[in-house]
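Source file: work.cif (mmCIF, C-alpha atoms and all ligand atoms)
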```
data_protein
loop_
_atom_site.label_atom_id
_atom_site.label_comp_id
_atom_site.auth_asym_id
_atom_site.auth_seq_id
_atom_site.Cartn_x
_atom_site.Cartn_y
_atom_site.Cartn_z
CA MET A 1368 113.87 20.42 114.19
CA SER A 1369 111.89 22.52 116.68
CA LEU A 1370 110.93 21.13 120.07
CA GLY A 1371 107.22 20.52 120.48
CA ALA A 1372 105.33 21.04 123.74
CA MET A 1373 105.17 17.27 124.38
CA ASP A 1374 108.94 16.89 123.82
CA ILE A 1375 109.47 19.53 126.50
CA PHE A 1376 106.72 18.38 128.86
CA LYS A 1377 108.19 14.91 129.34
CA HIS A 1378 111.28 16.50 130.93
CA LEU A 1379 109.30 18.69 133.35
CA PRO A 1380 108.20 17.50 136.83
CA ALA A 1381 104.59 16.72 135.77
CA GLY A 1382 105.84 14.79 132.75
CA LYS A 1383 108.16 12.78 135.00
CA LYS A 1384 105.49 12.48 137.74
CA GLU A 1385 107.74 14.17 140.32
CA GLU A 1386 106.65 15.86 143.52
CA ASN A 1387 106.98 19.49 142.31
CA ALA A 1388 104.61 18.86 139.41
CA ASN A 1389 102.36 21.83 138.58
CA CYS A 1390 103.75 23.94 141.45
CA LYS A 1391 102.97 27.18 139.49
CA LYS A 1392 106.32 28.82 140.40
CA CYS A 1393 106.86 29.61 136.71
CA GLY A 1394 103.63 31.61 136.62
CA CYS A 1395 101.77 28.93 134.67
CA PRO A 1396 98.99 26.84 136.22
CA THR A 1397 100.52 23.58 134.95
CA CYS A 1398 103.80 22.19 133.62
CA MET A 1399 101.99 21.50 130.34
CA MET A 1400 101.10 25.16 129.95
CA PHE A 1401 104.74 26.12 130.62
CA ALA A 1402 105.89 23.52 128.06
CA MET A 1403 103.56 25.04 125.49
CA LYS A 1404 104.95 28.52 126.18
CA LEU A 1405 108.54 27.27 125.93
CA SER A 1406 107.82 25.57 122.60
CA LYS A 1407 106.62 28.90 121.23
CA SER A 1408 109.54 30.83 122.82
CA GLN A 1409 107.03 32.74 124.92
CA ALA A 1410 108.74 31.95 128.25
CA GLU A 1411 112.26 31.76 129.66
CA PRO A 1412 113.43 28.31 130.83
CA SER A 1413 114.87 29.95 133.98
CA LEU A 1414 111.34 30.59 135.28
CA CYS A 1415 111.10 26.94 136.34
CA PRO A 1416 113.51 26.14 139.21
CA PHE A 1417 113.17 22.41 138.48
CA ILE A 1418 114.11 22.40 134.81
CA PRO A 1419 116.74 19.68 134.22
CA ASP A 1420 120.09 20.45 132.55
CA ASN A 1421 119.43 18.25 129.54
CA LEU A 1422 116.22 20.16 128.73
CA ARG A 1423 118.00 23.49 129.27
CA GLN A 1424 120.68 22.41 126.75
CA MET A 1425 118.06 21.20 124.26
CA LEU A 1426 116.26 24.55 124.48
CA GLU A 1427 119.51 26.46 124.09
CA HIS A 1428 120.38 24.42 121.00
CA ASN A 1429 116.88 24.97 119.69
CA SER A 1430 117.13 28.74 120.02
CA LYS A 1431 120.09 28.91 117.60
CA ILE A 1432 119.32 30.32 114.17
CA GLN A 1433 118.87 27.67 111.44
CA GLN A 1434 119.25 29.50 108.14
CA GLN A 1435 119.95 33.22 107.89
CA THR A 1436 117.50 35.46 106.03
CA LEU A 1437 119.06 37.98 103.63
CA THR A 1438 117.17 40.89 102.13
CA LEU A 1439 117.57 41.92 98.50
CA GLY A 1440 115.23 44.85 97.88
CA HIS A 1441 111.70 43.43 98.11
CA LEU A 1442 113.03 39.85 98.13
CA LYS A 1443 113.97 37.69 101.07
CA ILE A 1444 116.47 34.86 100.61
CA GLY A 1445 116.86 31.89 102.98
CA GLY A 1446 115.24 31.80 106.40
CA GLU A 1447 114.04 28.21 106.01
CA THR A 1448 113.18 26.23 109.14
CA VAL A 1449 112.24 22.74 107.91
CA MET A 1450 113.74 20.07 105.67
CA TYR A 1451 110.44 19.10 104.07
CA ARG A 1452 107.55 21.31 103.06
CA HIS A 1453 104.93 19.02 104.65
CA GLU A 1454 106.51 19.50 108.11
CA LYS A 1455 105.33 23.12 108.14
CA THR A 1456 106.00 25.22 105.05
CA PHE A 1457 108.92 26.56 103.03
CA ILE A 1458 109.20 30.28 103.59
CA ASN A 1459 111.10 32.26 100.96
CA PRO A 1460 110.87 31.06 97.34
CA CYS A 1461 114.10 30.28 95.52
CA VAL A 1462 115.09 33.53 93.78
CA LEU A 1463 115.60 33.25 89.99
CA ALA A 1464 118.19 35.59 88.52
CA ILE A 1465 120.00 36.19 85.22
CA VAL A 1466 123.56 37.36 84.58
CA LEU A 1467 123.73 40.64 82.72
CA ASP A 1468 127.02 42.26 81.63
CA SER A 1469 126.99 45.68 79.97
CA LYS A 1470 130.25 44.72 78.20
CA ASP A 1471 128.59 41.86 76.31
CA ALA A 1472 128.08 42.42 72.57
CA ASP A 1473 124.36 41.57 72.81
CA TYR A 1474 123.85 43.49 76.07
CA ILE A 1475 120.90 45.65 74.93
CA LYS A 1476 119.07 42.66 73.47
CA LYS A 1477 119.59 40.73 76.70
CA LEU A 1478 118.49 43.66 78.85
CA ASN A 1479 115.30 44.19 76.84
CA LYS A 1480 114.49 40.50 76.96
CA ILE A 1481 114.74 40.58 80.76
CA LEU A 1482 112.68 43.77 81.01
CA ASP A 1483 109.96 42.39 78.71
CA TYR A 1484 109.66 38.92 80.23
CA GLU A 1485 106.43 38.34 82.17
CA ILE A 1486 104.09 35.41 82.74
CA GLU A 1487 100.70 35.19 84.38
CA CYS A 1488 99.92 32.29 86.65
CA ILE A 1489 96.81 31.82 88.82
CA GLY A 1490 95.90 35.47 88.33
CA GLU A 1491 99.33 36.85 89.34
CA LYS A 1492 101.99 38.32 87.07
CA TYR A 1493 105.61 37.20 87.46
CA LYS A 1494 108.87 38.61 86.16
CA ILE A 1495 112.52 37.71 86.64
CA ASP A 1496 113.32 38.27 90.33
CA ALA A 1497 116.81 39.69 89.99
CA VAL A 1498 119.76 40.39 87.74
CA TYR A 1499 123.40 39.69 88.59
CA PHE A 1500 124.61 42.90 86.99
CA LYS A 1501 128.27 43.07 85.96
CA ASN A 1502 129.62 46.48 84.95
CA PRO A 1503 126.25 48.03 85.79
CA ILE A 1504 124.92 51.14 84.03
CA ASP A 1505 122.97 53.39 86.37
CA SER A 1506 120.16 54.23 83.95
CA ASP A 1507 119.59 50.51 83.23
CA VAL A 1508 119.67 49.67 86.94
CA ALA A 1509 116.86 52.22 87.33
CA LYS A 1510 114.90 50.60 84.46
CA LEU A 1511 115.22 47.18 86.10
CA LYS A 1512 114.24 48.48 89.53
CA GLU A 1513 111.21 50.19 88.01
CA LYS A 1514 110.04 46.71 86.97
CA ASN A 1515 110.68 45.39 90.50
CA ILE A 1516 113.76 43.45 89.34
CA GLU A 1517 116.44 43.53 92.04
CA ILE A 1518 120.18 43.92 91.44
CA ILE A 1519 122.65 41.35 92.74
CA THR A 1520 126.20 42.53 93.36
CA ASP A 1521 129.38 40.62 94.21
CA GLU A 1522 129.16 42.11 97.69
CA PHE A 1523 125.69 40.65 98.15
CA LEU A 1524 126.81 37.23 96.93
CA SER A 1525 129.65 37.22 99.46
CA GLY A 1526 126.99 36.87 102.18
CA LEU A 1527 125.76 33.58 100.67
CA CYS A 1528 127.32 30.14 100.34
CA GLU A 1529 128.15 29.21 96.73
CA VAL A 1530 127.75 25.61 95.65
CA LYS A 1531 129.22 24.75 92.25
CA TYR A 1532 127.51 22.23 90.05
CA THR A 1533 129.67 19.13 89.53
CA ASN A 1534 127.32 16.28 88.69
CA TYR A 1535 123.70 15.62 89.57
CA SER A 1536 124.04 13.24 92.52
CA ASP A 1537 127.11 14.83 94.15
CA THR A 1538 125.61 18.29 93.89
CA VAL A 1539 122.24 17.27 95.29
CA ASN A 1540 123.92 15.33 98.11
CA GLU A 1541 126.02 18.36 98.99
CA LEU A 1542 122.93 20.59 99.06
CA ILE A 1543 121.06 18.13 101.27
CA LYS A 1544 124.03 17.96 103.63
CA ILE A 1545 124.21 21.76 103.90
CA ARG A 1546 120.48 22.08 104.55
CA HIS A 1547 120.57 19.24 107.10
CA GLU A 1548 123.46 20.85 108.99
CA ALA A 1549 121.65 24.19 109.03
CA ILE A 1550 118.15 23.01 109.89
CA ILE A 1551 118.60 19.88 111.99
CA ASN A 1552 122.01 20.41 113.60
CA ARG A 1553 121.73 24.20 113.68
CA ASN A 1554 125.37 24.33 112.69
CA GLU A 1555 126.24 28.00 112.28
CA ASN A 1556 128.89 27.16 109.69
CA PHE A 1557 126.08 26.17 107.31
CA SER A 1558 123.55 28.88 108.12
CA LYS A 1559 124.16 31.04 105.03
CA PRO A 1560 121.58 30.71 102.23
CA VAL A 1561 122.92 28.86 99.19
CA TYR A 1562 123.33 30.12 95.63
CA MET A 1563 124.39 28.43 92.43
CA GLN A 1564 125.17 29.59 88.90
CA LEU A 1565 123.86 27.40 86.07
CA CYS A 1566 124.57 27.34 82.37
CA THR A 1567 121.53 27.01 80.09
CA LYS A 1568 123.38 25.79 76.98
CA ASP A 1569 121.78 22.33 77.16
CA ILE A 1570 118.30 23.56 77.97
CA LEU A 1571 116.68 20.18 78.73
CA SER A 1572 119.41 19.23 81.21
CA ALA A 1573 119.32 22.73 82.69
CA CYS A 1574 115.55 22.43 83.18
CA ALA A 1575 115.81 19.01 84.86
CA ILE A 1576 118.68 20.10 87.11
CA ALA A 1577 117.20 23.48 88.00
CA SER A 1578 113.85 21.86 88.88
CA THR A 1579 115.64 19.67 91.41
CA LEU A 1580 117.61 22.62 92.76
CA VAL A 1581 114.47 24.69 93.36
CA CYS A 1582 113.14 21.81 95.49
CA LYS A 1583 116.46 20.79 97.07
CA TYR A 1584 117.78 23.27 98.34
CA VAL A 1585 119.11 26.29 96.47
CA ASN A 1586 117.95 29.70 97.70
CA LEU A 1587 119.19 31.70 94.71
CA LEU A 1588 119.67 30.34 91.19
CA ILE A 1589 121.57 32.47 88.68
CA PHE A 1590 121.36 31.56 84.98
CA ASP A 1591 123.83 32.72 82.33
CA GLU A 1592 120.93 33.94 80.21
CA LEU A 1593 117.17 34.19 80.12
CA ASN A 1594 115.40 31.23 78.59
CA GLU A 1595 111.69 31.99 78.90
CA ALA A 1596 110.55 28.35 78.79
CA LEU A 1597 112.97 27.38 81.55
CA VAL A 1598 112.12 30.30 83.83
CA SER A 1599 108.37 29.92 83.26
CA SER A 1600 108.59 26.22 84.21
CA LEU A 1601 110.55 27.05 87.35
CA ILE A 1602 108.15 29.81 88.39
CA THR A 1603 105.25 27.37 88.07
CA LEU A 1604 107.12 24.70 90.02
CA ARG A 1605 108.11 27.22 92.66
CA LEU A 1606 104.48 28.25 93.11
CA ASN A 1607 103.67 24.66 94.03
CA ILE A 1608 106.59 24.23 96.41
CA TYR A 1609 106.48 27.55 98.21
CA THR A 1610 102.83 27.73 99.16
CA ASP A 1611 101.74 27.02 102.68
CA PRO A 1612 99.98 23.63 102.54
CA GLN A 1613 97.83 24.76 105.46
CA LYS A 1614 96.53 27.84 103.63
CA PRO A 1615 94.50 27.12 100.50
CA LEU A 1616 94.95 29.56 97.63
CA GLN A 1617 91.90 31.72 97.32
CA VAL A 1618 90.49 34.54 95.24
CA GLU A 1619 88.43 37.53 96.30
CA SER A 1620 84.76 36.88 96.92
CA LYS A 1621 82.89 39.06 94.42
CA VAL A 1622 81.14 38.91 91.05
CA TYR A 1623 83.54 38.48 88.10
CA GLU A 1624 82.62 39.39 84.52
CA PHE A 1625 83.52 37.49 81.33
CA ASN A 1626 83.11 38.62 77.70
CA ASN A 1627 81.30 41.90 78.44
CA PRO A 1628 78.13 40.45 79.96
CA ASP A 1629 74.84 42.19 79.09
CA GLU A 1630 71.20 41.52 80.00
CA ASN A 1631 71.42 38.09 78.30
CA ALA A 1632 74.40 36.96 80.35
CA LEU A 1633 74.51 33.65 82.19
CA ILE A 1634 75.25 33.60 85.91
CA PHE A 1635 77.44 30.92 87.48
CA LEU A 1636 78.34 30.43 91.12
CA THR A 1637 81.22 28.67 92.86
CA THR A 1638 83.50 28.97 95.91
CA ASN A 1639 86.61 31.13 96.33
CA PHE A 1640 89.07 28.20 96.11
CA ALA A 1641 91.58 29.52 93.55
CA LEU A 1642 91.65 26.34 91.48
CA SER A 1643 87.84 26.18 91.29
CA TYR A 1644 87.75 29.83 90.24
CA PHE A 1645 90.40 29.48 87.52
CA ALA A 1646 88.95 26.22 86.18
CA VAL A 1647 85.50 27.83 85.79
CA ALA A 1648 86.87 31.23 84.68
CA ASN A 1649 88.87 29.54 81.94
CA GLU A 1650 85.72 27.91 80.52
CA LEU A 1651 83.61 31.06 80.85
CA SER A 1652 86.24 33.09 78.96
CA SER A 1653 86.03 30.62 76.08
CA LEU A 1654 82.23 30.90 75.72
CA LYS A 1655 80.78 33.01 72.92
CA CYS A 1656 78.29 34.62 75.33
CA GLY A 1657 78.93 36.96 78.26
CA SER A 1658 78.65 35.64 81.80
CA TYR A 1659 79.00 36.52 85.48
CA LEU A 1660 80.72 34.32 88.03
CA VAL A 1661 79.58 34.75 91.62
CA ILE A 1662 82.34 33.77 94.04
CA THR A 1663 81.26 33.02 97.59
CA PRO A 1664 83.50 33.55 100.67
CA SER A 1665 84.36 29.93 101.50
CA GLU A 1666 87.78 30.23 103.20
CA GLY A 1667 89.49 28.97 100.05
CA MET A 1668 87.76 25.59 100.22
CA SER A 1669 86.77 23.63 97.16
CA VAL A 1670 83.06 23.15 96.47
CA LEU A 1671 82.53 19.81 98.19
CA THR A 1672 84.77 20.60 101.16
CA ALA A 1673 83.08 23.97 101.64
CA TRP A 1674 79.66 22.35 101.52
CA SER A 1675 80.68 19.66 104.06
CA ALA A 1676 82.17 22.32 106.35
CA GLN A 1677 79.11 24.56 106.00
CA LYS A 1678 81.27 27.24 104.38
CA ILE A 1679 78.89 27.44 101.47
CA THR A 1680 75.26 27.49 102.53
CA ALA A 1681 72.06 28.87 101.01
CA GLU A 1682 72.35 31.83 103.36
CA ILE A 1683 75.97 32.64 102.37
CA ALA A 1684 75.31 32.23 98.63
CA SER A 1685 72.06 34.23 98.69
CA LYS A 1686 73.77 37.09 100.55
CA VAL A 1687 76.44 37.42 97.84
CA VAL A 1688 73.84 37.29 95.06
CA SER A 1689 71.52 39.82 96.74
CA ALA A 1690 74.41 42.21 97.48
CA ASN A 1691 75.34 42.56 93.80
CA ASP A 1692 73.06 44.90 91.87
CA VAL A 1693 74.82 44.10 88.62
CA LEU A 1694 73.08 40.69 88.57
CA ASN A 1695 69.66 42.37 88.58
CA LYS A 1696 70.34 43.71 85.08
CA VAL A 1697 70.19 40.16 83.71
CA LYS A 1698 66.86 39.23 82.07
CA ASN A 1699 67.05 35.49 82.62
CA LYS A 1700 66.87 35.21 86.36
CA GLN A 1701 68.74 31.95 86.69
CA ILE A 1702 71.84 30.97 88.63
CA ILE A 1703 73.88 27.93 87.67
CA ILE A 1704 75.41 26.24 90.70
CA PRO A 1705 78.12 23.52 90.59
CA GLY A 1706 76.82 19.98 90.07
CA LEU A 1707 78.45 19.01 93.37
CA LEU A 1708 76.08 21.39 95.14
CA SER A 1709 72.89 19.72 93.87
CA ASP A 1710 71.84 19.05 97.48
CA LEU A 1711 71.84 22.81 98.10
CA LYS A 1712 69.46 23.56 95.24
CA ASP A 1713 66.13 23.48 97.13
CA GLU A 1714 67.45 25.46 100.06
CA LEU A 1715 68.97 28.08 97.77
CA GLN A 1716 65.77 28.24 95.74
CA GLU A 1717 63.89 29.04 98.94
CA ALA A 1718 66.41 31.73 99.91
CA LEU A 1719 66.27 33.29 96.42
CA PRO A 1720 62.63 32.84 95.31
CA GLU A 1721 62.92 35.35 92.45
CA TRP A 1722 65.74 33.32 90.87
CA LYS A 1723 65.66 29.95 89.18
CA ILE A 1724 68.43 27.73 90.55
CA ILE A 1725 69.91 25.37 87.97
CA VAL A 1726 72.30 22.55 88.82
CA GLY A 1727 75.28 22.75 86.49
CA THR A 1728 78.16 20.39 85.80
CA THR A 1729 80.39 18.56 88.27
CA GLU A 1730 83.48 19.36 86.16
CA ALA A 1731 84.39 22.78 84.78
CA TYR A 1732 85.45 21.42 81.39
CA LYS A 1733 81.86 20.30 80.72
CA ILE A 1734 80.53 23.89 80.97
CA PRO A 1735 80.65 24.71 77.21
CA ASP A 1736 78.51 21.64 76.34
CA PHE A 1737 76.18 22.38 79.23
CA VAL A 1738 75.72 25.98 78.02
CA LYS A 1739 74.98 24.80 74.45
CA LYS A 1740 72.24 22.47 75.74
CA LEU A 1741 70.85 25.16 78.04
CA GLN A 1742 70.69 27.70 75.23
CA SER A 1743 69.10 25.33 72.72
CA ALA A 1744 66.53 24.25 75.34
CA SER A 1745 65.57 27.87 75.98
CA LEU A 1746 65.13 28.46 72.21
CA SER A 1747 62.93 25.43 71.67
FE1 LIG B 1801 105.94 22.88 136.36
FE2 LIG B 1801 108.28 24.07 136.75
FE3 LIG B 1801 106.14 25.52 136.28
FE4 LIG B 1801 106.38 24.23 138.58
S1 LIG B 1801 107.66 25.88 137.84
S2 LIG B 1801 104.55 24.34 137.26
S3 LIG B 1801 107.42 22.41 137.95
S4 LIG B 1801 107.04 24.07 134.91
#
```
Is it possible to express this structure as structure tokens?
Amino acid sequence: MSLGAMDIFKHLPAGKKEENANCKKCGCPTCMMFAMKLSKSQAEPSLCPFIPDNLRQMLEHNSKIQQQTLTLGHLKIGGETVMYRHEKTFINPCVLAIVLDSKDADYIKKLNKILDYEIECIGEKYKIDAVYFKNPIDSDVAKLKEKNIEIITDEFLSGLCEVKYTNYSDTVNELIKIRHEAIINRNENFSKPVYMQLCTKDILSACAIASTLVCKYVNLLIFDELNEALVSSLITLRLNIYTDPQKPLQVESKVYEFNNPDENALIFLTTNFALSYFAVANELSSLKCGSYLVITPSEGMSVLTAWSAQKITAEIASKVVSANDVLNKVKNKQIIIPGLLSDLKDELQEALPEWKIIVGTTEAYKIPDFVKKLQSASLS
């Protein structure tokens, strides 16, 4: 656990209301300022002549490494600093790897399956991270590396701590103990990242166990073979666990096209919060007509949050619309805004007088019905 500024401050003269409080000898105007610098490792404890021994020891303990970070090609393994994601964030996603042995009878089939595997999730493409290659063949190593799949060797594994699966509760308890020793007690004997090999024979059990292991607390999981359903589930789970809760997922602010929009296309608008984008994009892709989706720069906030925080305003939205010439090719000058932005309609109408602003649905899944009604109203 890292020491916060307040934890440090209470041991300094100002925190203890002693006579040397805020004497500035450390170069900081106050003890609080020095405590803040110490908590961020931006100052040396020795700069304060009045620092007590217990605080010096706490800071020394705190400066010890928690979990080592190992590099495997473009991947980083370990380097975690907290027990729970909500404390700060988990840093390096659990690496998912498959055993590959060129001496196996079905080697080529296995290799091709690994090379071909790919899933798309929230706009990103994912493959297997790495292969634990036994009896490697150089040309196949090159093929794997070309696809950004890293190669694990026995030498690399010797730098990690192996935990063997025994049963569910004993294994999880052992993993928690290792992580606790590394993160909380900063015990160097437990600082190596952890790996485990899992058999996928009973796929449902493997999926349940591996899901727990991704969360608690395996850094590298190696499966005996590639099961696409298992790996896809784990990649999706991993995306949820290894995102920074303080940084919302966002997409680029621009105009996106769906189903080859022409002059009859519909124009929708929403914020750059990734989930809002994908929810709307999914519906627009399923429409029979072409459409444009205008994404405003809203710091990754959802529609209502962005509106409350003034991150989507008539000025911001009108700037994005006016900056995109492609929208001027559309005959029907109307922009459909999210139902949750109905309060913005009049303001936006004023900012974009040549456009008709229409309030759309509050939920993305209602878009197809909304479009049907809109189209039949325009025909009648
Ligand atoms: Fe406070 Fe020590 Fe800095 Fe003086 S030298 S201001 S007592 S932290």
In Å and to one decimal, atom CA of Gln1409 of chain A is distant from atom CA of Leu1442 of chain A by 28.4 Å
Please, what is the axis-aligned box for every listed atom of ligand LIG 1801 (chain B) with 6 Å on each side, as centre and edge lengths in Å to one decimal, as AutoDock Vina command-line options?
```
--center_x 106.4 --center_y 24.1 --center_z 136.7 --size_x 15.7 --size_y 15.5 --size_z 15.7
```
Compile the contact shell of segment 1626-1638 of chain A as a PDB file with C-alpha atoms, in the frame of the given file: residues with an atom at most 6 Å away, counting only C-alpha atoms, same-chain residues fewer than 6 positions apart removed.
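Writing the result to result.pdb gives the following:
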```pdb
ATOM      1  CA  GLY A1657      78.930  36.960  78.260  1.00  0.00           C
ATOM      2  CA  SER A1658      78.650  35.640  81.800  1.00  0.00           C
ATOM      3  CA  TYR A1659      79.000  36.520  85.480  1.00  0.00           C
ATOM      4  CA  LEU A1660      80.720  34.320  88.030  1.00  0.00           C
ATOM      5  CA  VAL A1661      79.580  34.750  91.620  1.00  0.00           C
ATOM      6  CA  ILE A1662      82.340  33.770  94.040  1.00  0.00           C
ATOM      7  CA  THR A1663      81.260  33.020  97.590  1.00  0.00           C
ATOM      8  CA  SER A1665      84.360  29.930 101.500  1.00  0.00           C
ATOM      9  CA  VAL A1670      83.060  23.150  96.470  1.00  0.00           C
ATOM     10  CA  LYS A1696      70.340  43.710  85.080  1.00  0.00           C
ATOM     11  CA  VAL A1697      70.190  40.160  83.710  1.00  0.00           C
ATOM     12  CA  LYS A1698      66.860  39.230  82.070  1.00  0.00           C
ATOM     13  CA  ILE A1702      71.840  30.970  88.630  1.00  0.00           C
ATOM     14  CA  ILE A1703      73.880  27.930  87.670  1.00  0.00           C
ATOM     15  CA  ILE A1704      75.410  26.240  90.700  1.00  0.00           C
TER      16      ILE A1704
END
```
Collect all residues with atoms no farther than 9 Å from ligand LIG 1801 (chain B), counting all atoms listed in the file, and output them as a list in words.
-> Phe1376, Leu1379, Pro1380, Ala1381, Gly1382, Glu1385, Glu1386, Asn1387, Ala1388, Asn1389, Cys1390, Lys1391, Lys1392, Cys1393, Gly1394, Cys1395, Pro1396, Thr1397, Cys1398, Met1399, Met1400, Phe1401, Ala1402, Pro1412, Leu1414, Cys1415, Pro1416, Phe1417 and Ile1418 of chain A
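For the residues A:Ser1669, A:Ser1536, A:Ser1525, A:Thr1436, ranking by smallest atom-to-atom distance to Ser1558 of chain A using only C-alpha atoms places A:Thr1436 first.
Excluding Gly1490 of chain A itself and any same-chain residue fewer than 5 positions from it, the protein and nucleic acid residues within 12 Å of it, counting only C-alpha atoms, are Leu1616, Gln1617, Val1618, Glu1619, Ala1641, Leu1642, Tyr1644, Phe1645, Ala1646, Ala1648 and Asn1649 of chain A.
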